[in-house]
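Dropping my_file.cif in here (mmCIF, C-alpha atoms):
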data_data
loop_
_atom_site.label_atom_id
_atom_site.label_comp_id
_atom_site.auth_asym_id
_atom_site.auth_seq_id
_atom_site.Cartn_x
_atom_site.Cartn_y
_atom_site.Cartn_z
CA MET A 3 -11.36 -10.62 20.51
CA THR A 4 -13.60 -8.73 22.93
CA ALA A 5 -17.02 -7.52 21.82
CA SER A 6 -15.93 -3.88 21.78
CA GLU A 7 -12.89 -4.80 19.72
CA GLN A 8 -14.93 -6.74 17.21
CA GLN A 9 -17.14 -3.69 16.81
CA GLY A 10 -14.17 -1.33 16.81
CA LEU A 11 -13.86 2.40 17.09
CA ASP A 12 -15.92 4.73 14.94
CA LEU A 13 -14.87 5.31 11.34
CA TRP A 14 -14.06 8.90 10.34
CA GLU A 15 -13.63 10.30 6.86
CA VAL A 16 -10.72 12.72 6.49
CA PHE A 17 -10.65 15.81 4.28
CA VAL A 18 -7.54 17.93 3.78
CA ARG A 19 -7.13 21.42 2.33
CA ALA A 20 -3.80 21.21 0.50
CA ARG A 21 -3.27 24.97 0.56
CA ARG A 22 -5.20 28.18 0.91
CA GLY A 23 -7.51 28.83 -2.01
CA LEU A 24 -8.35 25.14 -2.53
CA SER A 25 -11.29 23.24 -1.13
CA HIS A 26 -10.93 20.34 1.29
CA GLN A 27 -10.53 17.00 -0.48
CA HIS A 28 -11.29 13.53 0.78
CA VAL A 29 -8.00 11.71 1.44
CA GLY A 30 -9.05 8.58 3.31
CA SER A 31 -10.46 7.32 6.58
CA LEU A 32 -9.36 6.23 10.04
CA HIS A 33 -10.68 4.93 13.35
CA ALA A 34 -10.92 7.15 16.42
CA PRO A 35 -13.00 7.42 19.59
CA ASP A 36 -13.89 11.10 19.06
CA ALA A 37 -13.31 14.11 16.82
CA GLU A 38 -10.33 15.45 18.73
CA VAL A 39 -8.41 12.17 18.50
CA ALA A 40 -9.55 11.74 14.88
CA LEU A 41 -8.02 15.12 14.01
CA ARG A 42 -4.75 14.27 15.70
CA ARG A 43 -4.57 10.90 13.97
CA ALA A 44 -5.43 12.48 10.63
CA ARG A 45 -2.57 14.91 11.08
CA ASP A 46 -0.14 12.06 11.81
CA LEU A 47 -1.44 9.82 9.07
CA TYR A 48 -2.21 12.15 6.18
CA THR A 49 0.01 15.23 6.60
CA ARG A 50 3.50 13.96 7.39
CA ARG A 51 4.97 15.93 4.47
CA GLY A 52 3.14 19.22 4.55
CA GLU A 53 0.20 17.92 2.52
CA GLY A 54 -2.26 20.26 4.18
CA VAL A 55 -3.05 23.49 5.98
CA SER A 56 -6.44 22.42 7.33
CA ILE A 57 -8.15 19.11 8.17
CA TRP A 58 -11.82 18.15 8.51
CA VAL A 59 -12.91 14.87 10.08
CA VAL A 60 -16.48 13.67 9.63
CA PRO A 61 -18.07 10.55 11.18
CA ALA A 62 -18.58 8.19 8.23
CA GLY A 63 -22.12 7.52 9.47
CA ALA A 64 -22.97 11.21 9.07
CA VAL A 65 -22.30 11.23 5.33
CA SER A 66 -25.42 10.54 3.28
CA ALA A 67 -24.73 9.20 -0.17
CA SER A 68 -26.62 8.58 -3.39
CA ASP A 69 -27.14 4.95 -4.33
CA PRO A 70 -24.48 3.76 -6.81
CA GLY A 71 -26.99 1.32 -8.33
CA GLU A 72 -29.25 4.23 -9.25
CA LYS A 73 -26.51 5.93 -11.21
CA GLU A 74 -28.29 5.89 -14.56
CA PRO A 75 -31.70 7.39 -13.79
CA TYR A 76 -30.30 9.64 -11.09
CA PHE A 77 -27.69 11.36 -13.21
CA THR A 78 -29.00 10.96 -16.77
CA PRO A 79 -31.00 14.24 -16.99
CA ALA A 80 -27.81 16.28 -16.73
CA ARG A 81 -26.31 14.48 -19.70
CA ASP A 82 -29.51 14.63 -21.79
CA LYS A 83 -29.71 18.39 -21.70
CA ASP A 84 -26.86 19.16 -24.02
CA TYR A 85 -28.15 22.74 -24.45
CA ARG A 86 -26.67 23.33 -21.00
CA TYR A 87 -23.18 23.13 -22.50
CA PRO A 88 -21.51 26.01 -24.35
CA THR A 89 -20.40 23.74 -27.20
CA TYR A 90 -24.08 23.06 -28.11
CA TYR A 91 -24.35 26.45 -29.80
CA GLU A 92 -23.07 26.97 -33.31
CA LEU A 93 -21.96 30.51 -33.93
CA PRO A 94 -20.49 32.24 -36.97
CA ARG A 95 -16.77 31.53 -37.31
CA GLU A 96 -15.85 35.21 -37.45
CA VAL A 97 -17.43 36.11 -34.14
CA ARG A 98 -14.83 36.82 -31.40
CA GLY A 99 -14.88 36.96 -27.60
CA LEU A 100 -17.57 34.36 -26.83
CA MET B 23 -30.22 7.07 0.23
CA THR B 24 -27.65 5.29 2.37
CA THR B 25 -24.82 6.30 4.63
CA LEU B 26 -21.16 5.61 4.03
CA ALA B 27 -20.89 3.68 7.29
CA GLU B 28 -22.83 0.84 5.70
CA THR B 29 -19.75 -0.56 4.08
CA GLY B 30 -21.24 -3.93 3.22
CA THR B 31 -20.77 -4.44 -0.48
CA VAL B 32 -23.39 -5.80 -2.81
CA THR B 33 -22.59 -9.16 -4.32
CA GLY B 34 -24.38 -11.88 -6.18
CA VAL B 35 -26.03 -12.69 -9.45
CA GLY B 36 -27.61 -9.92 -11.47
CA THR B 37 -24.92 -7.46 -10.40
CA GLY B 38 -22.42 -8.78 -12.93
CA SER B 39 -23.10 -6.82 -16.08
CA ARG B 40 -22.56 -3.37 -14.60
CA PHE B 41 -19.39 -4.55 -12.90
CA GLU B 42 -18.09 -6.05 -16.11
CA ALA B 43 -18.94 -2.89 -18.02
CA LEU B 44 -16.92 -0.83 -15.52
CA ILE B 45 -13.92 -3.15 -15.85
CA ALA B 46 -14.17 -3.20 -19.65
CA ALA B 47 -14.31 0.60 -19.77
CA ASP B 48 -11.22 0.74 -17.52
CA GLU B 49 -13.22 2.63 -14.90
CA ARG B 50 -12.66 2.22 -11.18
CA VAL B 51 -14.89 0.06 -9.02
CA GLU B 52 -15.88 1.89 -5.83
CA PRO B 53 -16.84 0.42 -2.43
CA ARG B 54 -20.59 0.57 -2.80
CA ASP B 55 -20.71 -0.81 -6.36
CA ALA B 56 -21.96 -4.32 -6.89
CA MET B 57 -19.06 -6.73 -7.43
CA PRO B 58 -18.60 -10.48 -7.76
CA GLU B 59 -17.85 -12.19 -4.47
CA ALA B 60 -14.62 -13.64 -5.88
CA TYR B 61 -13.38 -10.14 -6.85
CA ARG B 62 -14.11 -8.91 -3.34
CA ALA B 63 -12.39 -11.92 -1.76
CA THR B 64 -9.33 -11.59 -4.01
CA LEU B 65 -8.98 -7.90 -3.14
CA ILE B 66 -9.35 -8.53 0.59
CA ARG B 67 -6.66 -11.22 0.41
CA GLN B 68 -4.28 -9.04 -1.59
CA ILE B 69 -4.82 -5.74 0.24
CA ALA B 70 -4.65 -7.46 3.64
CA GLN B 71 -1.42 -9.24 2.70
CA HIS B 72 -0.05 -5.92 1.56
CA ALA B 73 -1.11 -4.16 4.77
CA HIS B 74 0.35 -6.96 6.90
CA SER B 75 3.63 -6.67 4.97
CA GLU B 76 3.84 -2.98 5.79
CA ILE B 77 3.47 -3.44 9.53
CA ILE B 78 5.60 -6.59 9.77
CA GLY B 79 8.13 -4.74 7.63
CA MET B 80 8.62 -2.29 10.49
CA GLN B 81 10.41 -5.02 12.47
CA PRO B 82 13.57 -5.78 10.47
CA GLU B 83 14.43 -2.10 10.20
CA GLY B 84 13.14 -1.23 13.65
CA ASN B 85 15.88 -3.60 14.80
CA TRP B 86 18.44 -0.90 13.93
CA LEU B 87 16.65 2.20 15.23
CA THR B 88 18.60 2.38 18.47
CA ARG B 89 21.90 1.53 16.76
CA ALA B 90 21.82 3.83 13.72
CA PRO B 91 25.34 5.21 13.19
CA SER B 92 24.36 8.90 13.39
CA LEU B 93 21.51 11.11 14.47
CA ARG B 94 20.85 11.89 10.78
CA ARG B 95 20.53 8.21 9.87
CA LYS B 96 18.40 7.59 12.95
CA SER B 97 15.96 10.41 12.07
CA ILE B 98 15.70 9.07 8.52
CA LEU B 99 15.08 5.52 9.72
CA LEU B 100 12.47 6.68 12.23
CA ALA B 101 10.64 8.56 9.49
CA LYS B 102 10.77 5.51 7.24
CA VAL B 103 9.47 3.11 9.88
CA GLN B 104 6.72 5.61 10.70
CA ASP B 105 5.82 5.68 7.00
CA GLU B 106 5.49 1.87 6.97
CA ALA B 107 2.98 2.12 9.82
CA GLY B 108 1.12 4.77 7.83
CA HIS B 109 1.12 2.59 4.72
CA GLY B 110 -0.34 -0.25 6.76
CA LEU B 111 -3.11 2.05 7.94
CA TYR B 112 -3.97 3.32 4.43
CA LEU B 113 -4.19 -0.27 3.27
CA TYR B 114 -6.22 -1.58 6.21
CA ALA B 115 -8.64 1.30 5.59
CA ALA B 116 -8.86 0.30 1.90
CA ALA B 117 -9.55 -3.34 2.86
CA GLU B 118 -12.22 -2.22 5.32
CA THR B 119 -14.19 -0.60 2.50
CA LEU B 120 -14.80 -4.18 1.30
CA GLY B 121 -16.76 -4.98 4.45
CA VAL B 122 -14.11 -6.65 6.60
CA SER B 123 -13.10 -5.26 10.02
CA ARG B 124 -9.64 -4.23 11.17
CA ALA B 125 -9.85 -6.67 14.07
CA GLU B 126 -10.66 -9.58 11.73
CA LEU B 127 -7.69 -8.74 9.51
CA LEU B 128 -5.25 -8.52 12.40
CA ASP B 129 -6.61 -11.76 13.79
CA ALA B 130 -6.03 -13.44 10.42
CA LEU B 131 -2.41 -12.20 10.47
CA HIS B 132 -1.81 -13.33 14.03
CA THR B 133 -3.22 -16.79 13.46
CA GLY B 134 -1.46 -17.30 10.13
CA ARG B 135 -4.64 -17.38 8.02
CA GLN B 136 -3.35 -14.44 6.00
CA ARG B 137 0.25 -13.92 4.94
CA TYR B 138 2.72 -11.10 4.59
CA SER B 139 5.57 -10.79 2.11
CA SER B 140 8.17 -13.53 2.63
CA ILE B 141 10.98 -10.96 2.42
CA PHE B 142 10.37 -9.79 5.99
CA ASN B 143 11.30 -13.20 7.36
CA TYR B 144 14.98 -12.51 6.69
CA PRO B 145 17.11 -11.00 9.47
CA THR B 146 18.87 -7.62 9.41
CA LEU B 147 22.33 -8.73 10.53
CA THR B 148 24.30 -5.50 10.00
CA TRP B 149 23.64 -1.80 9.54
CA ALA B 150 24.21 -2.22 5.81
CA ASP B 151 21.06 -4.34 5.66
CA VAL B 152 19.04 -1.20 6.31
CA GLY B 153 20.54 0.35 3.19
CA ALA B 154 20.08 -2.84 1.16
CA ILE B 155 16.43 -3.07 2.21
CA GLY B 156 15.84 0.52 1.12
CA TRP B 157 17.50 0.03 -2.24
CA LEU B 158 16.41 -3.51 -3.13
CA VAL B 159 13.32 -4.36 -1.08
CA ASP B 160 11.70 -0.95 -1.38
CA GLY B 161 12.90 -0.78 -4.96
CA ALA B 162 11.17 -4.06 -5.77
CA ALA B 163 8.09 -2.88 -3.89
CA ILE B 164 7.96 0.27 -6.03
CA VAL B 165 8.17 -1.71 -9.27
CA ASN B 166 5.35 -3.93 -7.98
CA GLN B 167 3.26 -1.06 -6.70
CA ILE B 168 3.38 1.55 -9.44
CA PRO B 169 1.01 -0.48 -11.67
CA LEU B 170 -1.29 -0.90 -8.66
CA THR B 171 -1.98 2.85 -8.71
CA ARG B 172 -4.10 1.97 -11.79
CA CYS B 173 -5.73 -1.08 -10.19
CA SER B 174 -9.47 -1.41 -10.85
CA TYR B 175 -10.48 -1.00 -7.20
CA GLY B 176 -10.58 2.73 -6.40
CA PRO B 177 -9.65 2.77 -2.69
CA TYR B 178 -6.69 0.42 -3.26
CA ALA B 179 -5.44 2.44 -6.23
CA ARG B 180 -5.69 5.69 -4.25
CA ALA B 181 -3.83 4.22 -1.27
CA MET B 182 -1.11 3.08 -3.67
CA VAL B 183 -0.67 6.59 -5.06
CA ARG B 184 0.18 7.91 -1.60
CA ILE B 185 2.37 4.90 -0.83
CA CYS B 186 4.38 5.15 -4.04
CA GLN B 187 5.09 8.84 -3.43
CA GLU B 188 6.50 7.98 -0.03
CA GLU B 189 8.38 4.84 -1.10
CA SER B 190 10.58 6.92 -3.36
CA PHE B 191 12.18 8.48 -0.27
CA HIS B 192 12.65 4.99 1.18
CA GLN B 193 14.54 3.77 -1.83
CA ARG B 194 16.72 6.85 -2.23
CA GLN B 195 17.76 6.95 1.42
CA GLY B 196 18.74 3.29 1.19
CA TYR B 197 20.79 3.82 -1.93
CA GLU B 198 22.53 6.85 -0.42
CA SER B 199 23.32 4.91 2.74
CA LEU B 200 24.75 1.95 0.78
CA LEU B 201 26.76 4.32 -1.39
CA ALA B 202 28.32 5.89 1.72
CA LEU B 203 29.32 2.44 2.96
CA SER B 204 30.57 1.27 -0.41
CA ARG B 205 32.79 4.33 -0.71
CA GLY B 206 33.91 4.10 2.92
CA THR B 207 36.57 1.90 4.49
CA ALA B 208 37.33 -1.56 3.13
CA GLU B 209 35.38 -3.00 6.05
CA GLN B 210 32.35 -0.83 5.30
CA HIS B 211 32.50 -1.73 1.64
CA ALA B 212 32.62 -5.43 2.51
CA MET B 213 29.62 -4.97 4.82
CA ALA B 214 27.63 -3.31 2.01
CA GLN B 215 28.55 -6.10 -0.42
CA ASP B 216 27.58 -8.78 2.10
CA ALA B 217 24.17 -7.14 2.61
CA VAL B 218 23.54 -6.98 -1.15
CA ASP B 219 24.65 -10.61 -1.49
CA ARG B 220 22.04 -11.66 1.07
CA TRP B 221 19.14 -9.44 -0.07
CA TRP B 222 19.40 -9.78 -3.85
CA TRP B 223 17.75 -13.17 -4.35
CA PRO B 224 14.99 -12.72 -1.75
CA SER B 225 14.21 -9.37 -3.45
CA LEU B 226 13.73 -11.13 -6.80
CA MET B 227 11.37 -13.56 -5.06
CA MET B 228 9.19 -10.62 -3.97
CA PHE B 229 7.62 -10.59 -7.43
CA GLY B 230 6.12 -13.99 -6.74
CA PRO B 231 6.34 -17.33 -8.49
CA PRO B 232 7.13 -17.49 -12.22
CA ASP B 233 4.22 -16.84 -14.56
CA SER B 234 4.09 -20.51 -15.50
CA THR B 235 3.08 -21.48 -11.95
CA SER B 236 1.37 -18.41 -10.45
CA THR B 237 -2.10 -19.35 -9.23
CA HIS B 238 -3.63 -15.91 -8.76
CA SER B 239 -2.42 -14.10 -11.85
CA SER B 240 -4.92 -14.84 -14.61
CA LYS B 241 -8.08 -13.88 -12.71
CA SER B 242 -6.42 -10.79 -11.27
CA SER B 243 -5.35 -9.70 -14.74
CA ALA B 244 -8.85 -10.11 -16.14
CA TRP B 245 -10.18 -7.94 -13.32
CA LYS B 246 -7.42 -5.39 -13.87
CA ILE B 247 -6.20 -5.74 -10.31
CA LYS B 248 -2.88 -6.86 -11.72
CA ARG B 249 -1.58 -5.08 -14.81
CA HIS B 250 1.71 -6.90 -15.44
CA SER B 251 2.87 -10.45 -14.88
CA ASN B 252 5.30 -11.44 -12.10
CA ASP B 253 8.08 -12.17 -14.58
CA GLU B 254 7.60 -8.90 -16.47
CA LEU B 255 7.93 -6.88 -13.27
CA ARG B 256 10.89 -8.96 -12.08
CA GLN B 257 12.65 -8.30 -15.39
CA ARG B 258 11.97 -4.59 -15.09
CA PHE B 259 13.51 -4.62 -11.61
CA VAL B 260 16.64 -6.50 -12.70
CA ASP B 261 17.15 -4.10 -15.61
CA LEU B 262 16.88 -1.12 -13.23
CA CYS B 263 19.24 -2.59 -10.64
CA VAL B 264 22.19 -3.61 -12.80
CA PRO B 265 23.38 -0.08 -13.68
CA GLN B 266 22.52 1.14 -10.16
CA ALA B 267 24.78 -1.57 -8.69
CA GLU B 268 27.61 -0.48 -10.98
CA ILE B 269 27.41 3.08 -9.69
CA LEU B 270 27.33 1.75 -6.14
CA GLY B 271 30.52 -0.15 -6.89
CA LEU B 272 28.91 -3.36 -5.70
CA THR B 273 28.26 -6.61 -7.53
CA LEU B 274 25.02 -8.57 -7.72
CA PRO B 275 25.53 -12.18 -6.60
CA ASP B 276 24.54 -13.86 -9.84
CA PRO B 277 27.28 -15.24 -12.13
CA GLU B 278 24.74 -15.72 -14.93
CA LEU B 279 23.64 -12.08 -14.96
CA ARG B 280 24.41 -10.55 -18.37
CA LEU B 281 22.92 -8.15 -20.86
CA ASP B 282 21.17 -9.90 -23.73
CA GLU B 283 22.00 -7.64 -26.67
CA ALA B 284 19.12 -9.03 -28.72
CA THR B 285 16.38 -8.17 -26.21
CA GLY B 286 18.05 -5.32 -24.38
CA HIS B 287 17.17 -7.07 -21.12
CA HIS B 288 19.39 -8.70 -18.53
CA ALA B 289 19.27 -12.46 -18.34
CA TYR B 290 19.56 -13.75 -14.79
CA GLY B 291 20.17 -17.07 -13.06
CA GLU B 292 17.68 -19.58 -11.74
CA ILE B 293 15.79 -18.46 -8.62
CA ASP B 294 15.70 -21.00 -5.80
CA TRP B 295 11.93 -21.42 -5.56
CA SER B 296 12.27 -24.12 -2.94
CA GLU B 297 13.66 -21.45 -0.58
CA PHE B 298 10.73 -19.15 -1.42
CA LYS B 299 8.27 -21.92 -0.69
CA ALA B 300 9.97 -22.87 2.57
CA VAL B 301 9.94 -19.26 3.80
CA LEU B 302 6.28 -18.86 2.79
CA ASP B 303 5.42 -22.08 4.59
CA GLY B 304 6.92 -20.78 7.81
CA ASP B 305 10.49 -22.04 7.65
CA GLY B 306 12.29 -18.76 6.99
CA PRO B 307 14.93 -17.50 9.41
CA CYS B 308 12.57 -15.16 11.31
CA ASN B 309 8.95 -16.25 10.69
CA ARG B 310 8.24 -17.22 14.28
CA GLN B 311 10.01 -14.20 15.71
CA ARG B 312 8.05 -11.77 13.50
CA ILE B 313 4.64 -13.14 14.44
CA GLU B 314 5.56 -13.48 18.11
CA ARG B 315 6.67 -9.87 18.19
CA ARG B 316 3.50 -8.73 16.41
CA THR B 317 1.11 -10.67 18.64
CA ALA B 318 3.00 -9.51 21.76
CA ALA B 319 2.68 -5.89 20.63
CA HIS B 320 -1.01 -6.45 20.00
CA ARG B 321 -1.50 -8.09 23.39
CA GLU B 322 0.41 -5.35 25.17
CA GLY B 323 -1.71 -2.74 23.41
CA GLN B 324 -4.96 -4.29 24.59
CA TRP B 325 -5.36 -1.78 27.41
CA VAL B 326 -5.02 1.10 24.93
CA ARG B 327 -7.79 -0.29 22.72
CA ASP B 328 -9.95 -0.96 25.79
CA ALA B 329 -9.40 2.57 27.05
CA ALA B 330 -10.24 4.06 23.63
CA ALA B 331 -13.41 1.98 23.39
CA ALA B 332 -14.45 2.95 26.94
CA TYR B 333 -13.73 6.60 26.17
CA GLN B 334 -15.79 6.45 22.98
CA ALA B 335 -18.71 4.83 24.83
CA LYS B 336 -18.50 7.50 27.55
CA ARG B 337 -18.39 10.35 25.02
CA GLN B 338 -21.31 8.98 23.08
CA GLY B 339 -23.27 8.44 26.31
CA ALA B 340 -22.67 12.05 27.29
CA HIS B 341 -24.02 13.32 23.97
CA ARG B 342 -27.29 11.46 24.26
#
Take the structure in this file and express it as structure tokens.
Amino acid sequence: MTASEQQGLDLWEVFVRARRGLSHQHVGSLHAPDAEVALRRARDLYTRRGEGVSIWVVPAGAVSASDPGEKEPYFTPARDKDYRYPTYYELPREVRGL
Amino acid sequence: MTTLAETGTVTGVGTGSRFEALIAADERVEPRDAMPEAYRATLIRQIAQHAHSEIIGMQPEGNWLTRAPSLRRKSILLAKVQDEAGHGLYLYAAAETLGVSRAELLDALHTGRQRYSSIFNYPTLTWADVGAIGWLVDGAAIVNQIPLTRCSYGPYARAMVRICQEESFHQRQGYESLLALSRGTAEQHAMAQDAVDRWWWPSLMMFGPPDSTSTHSSKSSAWKIKRHSNDELRQRFVDLCVPQAEILGLTLPDPELRLDEATGHHAYGEIDWSEFKAVLDGDGPCNRQRIERRTAAHREGQWVRDAAAAYQAKRQGAHR
């Protein structure tokens, strides 16, 4: 294996919009030397059966992510504040439309 | 904060409890979660073997691409072989999330340190073999793979969802092709029967050794990588195939095959595990040919990889 091969081509994350009206969704990743080739490869690899109408490719290194180990403290506040959910409120049974 | 490109996974002591909680809760483990080293190693071995099987599996069928009997069959076969390449890529990408590189995986395949499914070491002698592979080999693969869509490792499970959707076409085209032969001339019918006679037993071996001797099963079950035992899946496959063979008008080459009224399952004859072992150990009909062809293709593609790497370096240089 040559040094460049060991290191390999850049990794790209692929997002596909299944149809108009939906947002792009992550479908997987691939290797490519640049965005243009990444798009072409994404088309061949992830949309062979009309799975999409639009593709985004993003260099994996450009995606910043929260730390999975920090899951608890990082996301707990949202779960603590149950008054943020509609089911928290008890209303008279007979009330309609809310 | 970290970036996704840092694919190195966290392993070691002190990471166990969260991992075990995820497994117990039937949640998915994702690439950047802490995981035991043995879990990571098991997944790399299994996903790599699976990926290798997909790309080696292009060879037996690729053998018939230029000799398909009609343009329709040729287009179908081309699409199928292209799918196998795609499946290999999904799986290599899933393995890479565990911190191993594509080049390392291919090197392990080429040097025999990692295996591929023994089924691809059998030759495709006639056109009917293409149909038999679709029906039986892809059929067995589907039975094996459907439970993997619920495997505990997220990227592998997601790759399997895509693969299973596409495999369904593989199996149906094979069945349709065999049906056409079976209902054709006496010669065509005989060719279909001969292909089924040769592919049946190796297909049953695809589920791996019997539960009593399988070395990887218990750990993989505890980690929810594997959801059913080898023998359970094999039984499911046999039960599916028997009525399908009847409709095809073909027989399965097992004189002991019969429906057990008590269990509702089909009892089947003894599998020749010495053949399985010999093929795994390198003594199948096509082992050498498959690896030679793969390494030659890799060698001949060197200039493409070099050019891509040079192009990437040039593009990145220009942006700086």
What is the CA of Arg310 (chain B) to CA of Leu147 (chain B) distance in Å? 16.9 Å
Could you list, with a cut-off of 10 Å and counting all atoms listed in the file, the residues of chain B near chain A, each shown with its nearest atom pair and the distance in Å rounded to one decimal, rows sorted by chain and ascending number, as a Markdown table?
| residue | atom | partner | partner_atom | distance |
| --- | --- | --- | --- | --- |
| B:Met23 | CA | A:Ser68 | CA | 5.3 |
| B:Thr24 | CA | A:Ala67 | CA | 5.5 |
| B:Thr25 | CA | A:Ser66 | CA | 4.5 |
| B:Leu26 | CA | A:Ala62 | CA | 5.6 |
| B:Ala27 | CA | A:Gly63 | CA | 4.6 |
| B:Glu28 | CA | A:Gly63 | CA | 7.7 |
| B:Thr29 | CA | A:Ala62 | CA | 9.8 |
| B:Val32 | CA | A:Gly71 | CA | 9.7 |
| B:Thr37 | CA | A:Gly71 | CA | 9.3 |
| B:Arg40 | CA | A:Gly71 | CA | 9.0 |
| B:Glu52 | CA | A:Pro70 | CA | 8.9 |
| B:Pro53 | CA | A:Pro70 | CA | 9.4 |
| B:Arg54 | CA | A:Pro70 | CA | 6.4 |
| B:Asp55 | CA | A:Pro70 | CA | 5.9 |
| B:Ala56 | CA | A:Gly71 | CA | 7.7 |
| B:Ala101 | CA | A:Arg50 | CA | 9.2 |
| B:Gln104 | CA | A:Leu47 | CA | 9.3 |
| B:Asp105 | CA | A:Arg50 | CA | 8.6 |
| B:Ala107 | CA | A:Leu47 | CA | 8.9 |
| B:Gly108 | CA | A:Leu47 | CA | 5.8 |
| B:His109 | CA | A:Leu47 | CA | 8.8 |
| B:Leu111 | CA | A:Leu32 | CA | 7.8 |
| B:Tyr112 | CA | A:Gly30 | CA | 7.4 |
| B:Tyr114 | CA | A:Leu32 | CA | 9.2 |
| B:Ala115 | CA | A:Ser31 | CA | 6.4 |
| B:Ala116 | CA | A:Gly30 | CA | 8.4 |
| B:Glu118 | CA | A:Ser31 | CA | 9.8 |
| B:Thr119 | CA | A:Ser31 | CA | 9.7 |
| B:Ser123 | CA | A:Gln8 | CA | 7.6 |
| B:Arg124 | CA | A:Gly10 | CA | 7.8 |
| B:Ala125 | CA | A:Gln8 | CA | 6.0 |
| B:Glu126 | CA | A:Gln8 | CA | 7.5 |
| B:Asp129 | CA | A:Met3 | CA | 8.3 |
| B:Pro177 | CA | A:Gly30 | CA | 8.4 |
| B:Arg180 | CA | A:Val29 | CA | 8.6 |
| B:Ala181 | CA | A:Gly30 | CA | 8.2 |
| B:Arg184 | CA | A:Tyr48 | CA | 9.2 |
| B:Glu188 | CA | A:Arg51 | CA | 9.3 |
| B:Gln324 | CA | A:Glu7 | CA | 9.3 |
| B:Arg327 | CA | A:Glu7 | CA | 7.4 |
| B:Asp328 | CA | A:Glu7 | CA | 7.8 |
| B:Ala329 | CA | A:Pro35 | CA | 9.6 |
| B:Ala330 | CA | A:Pro35 | CA | 5.9 |
| B:Ala331 | CA | A:Leu11 | CA | 6.3 |
| B:Ala332 | CA | A:Ser6 | CA | 8.7 |
| B:Tyr333 | CA | A:Pro35 | CA | 6.7 |
| B:Gln334 | CA | A:Pro35 | CA | 4.5 |
| B:Ala335 | CA | A:Pro35 | CA | 8.2 |
| B:Lys336 | CA | A:Pro35 | CA | 9.7 |
| B:Arg337 | CA | A:Asp36 | CA | 7.5 |
| B:Gln338 | CA | A:Asp36 | CA | 8.7 |
Any chance you could work out the residue set of the PyMOL selection byres ((chain B and resi 194) around 12) here, as number ranges by chain? B: 98, 102, 152-161, 164, 187-193, 195-201, 266
Could you please determine the separation between CA of Pro275 (chain B) and CA of Asp216 (chain B) in Å, to one decimal place?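 Between these atoms lies a distance of 9.6 Å.
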Every residue with an atom at most 7 Å from (-17.7, 17.7, 13.7) (file coordinates; all atoms listed in the file) is what I'm after, so could you write them as a PyMOL selection string? chain A and resi 37+59-60
Take CA of Arg321 (chain B) and CA of Ala63 (chain B) and report the distance between them in Å, one decimal.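 These two atoms are separated by 27.7 Å.
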Just checking: using all atoms listed in the file, which residue out of B:Ala130, B:Leu226, B:Leu302, B:Ile77 ends up closest to Arg316 (chain B)? B:Ile77
What would the selection look like, as a ChimeraX atom specification, if the PyMOL selection byres ((chain B and resi 280) around 12) were run on the coordinates I just shared? /B:260-261,264-265,274-279,281-291
Give me the residues near Glu49 (chain B) as a list in words, where near means some atom within 12 Å (using all atoms listed in the file) and where sequence neighbours in that chain fewer than 6 positions away do not count.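 Within the cut-off, the hits are Arg40, Phe41, Glu42, Ala43, Asp55, Arg172, Cys173, Ser174, Tyr175, Gly176, Ala179, Trp245, Lys246 and Ile247 of chain B.
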Selected residues written out, C-alpha atoms, as a short mmCIF file (atom, residue, chain, number, x, y, z; two decimals), in the coordinates of the input:
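Heads up, here's the output in selection-v5.cif:
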data_model
loop_
_atom_site.label_atom_id
_atom_site.label_comp_id
_atom_site.auth_asym_id
_atom_site.auth_seq_id
_atom_site.Cartn_x
_atom_site.Cartn_y
_atom_site.Cartn_z
CA ARG B 40 -22.56 -3.37 -14.60
CA PHE B 41 -19.39 -4.55 -12.90
CA GLU B 42 -18.09 -6.05 -16.11
CA ALA B 43 -18.94 -2.89 -18.02
CA ASP B 55 -20.71 -0.81 -6.36
CA ARG B 172 -4.10 1.97 -11.79
CA CYS B 173 -5.73 -1.08 -10.19
CA SER B 174 -9.47 -1.41 -10.85
CA TYR B 175 -10.48 -1.00 -7.20
CA GLY B 176 -10.58 2.73 -6.40
CA ALA B 179 -5.44 2.44 -6.23
CA TRP B 245 -10.18 -7.94 -13.32
CA LYS B 246 -7.42 -5.39 -13.87
CA ILE B 247 -6.20 -5.74 -10.31
#
Name every residue that the PyMOL selection byres ((chain B and resi 71) around 12) selects in this structure, writing the answer as a PyMOL selection string with chains first and numbers rising. chain B and resi 64-70+72-79+110+113-114+117+127-128+130-131+134-140
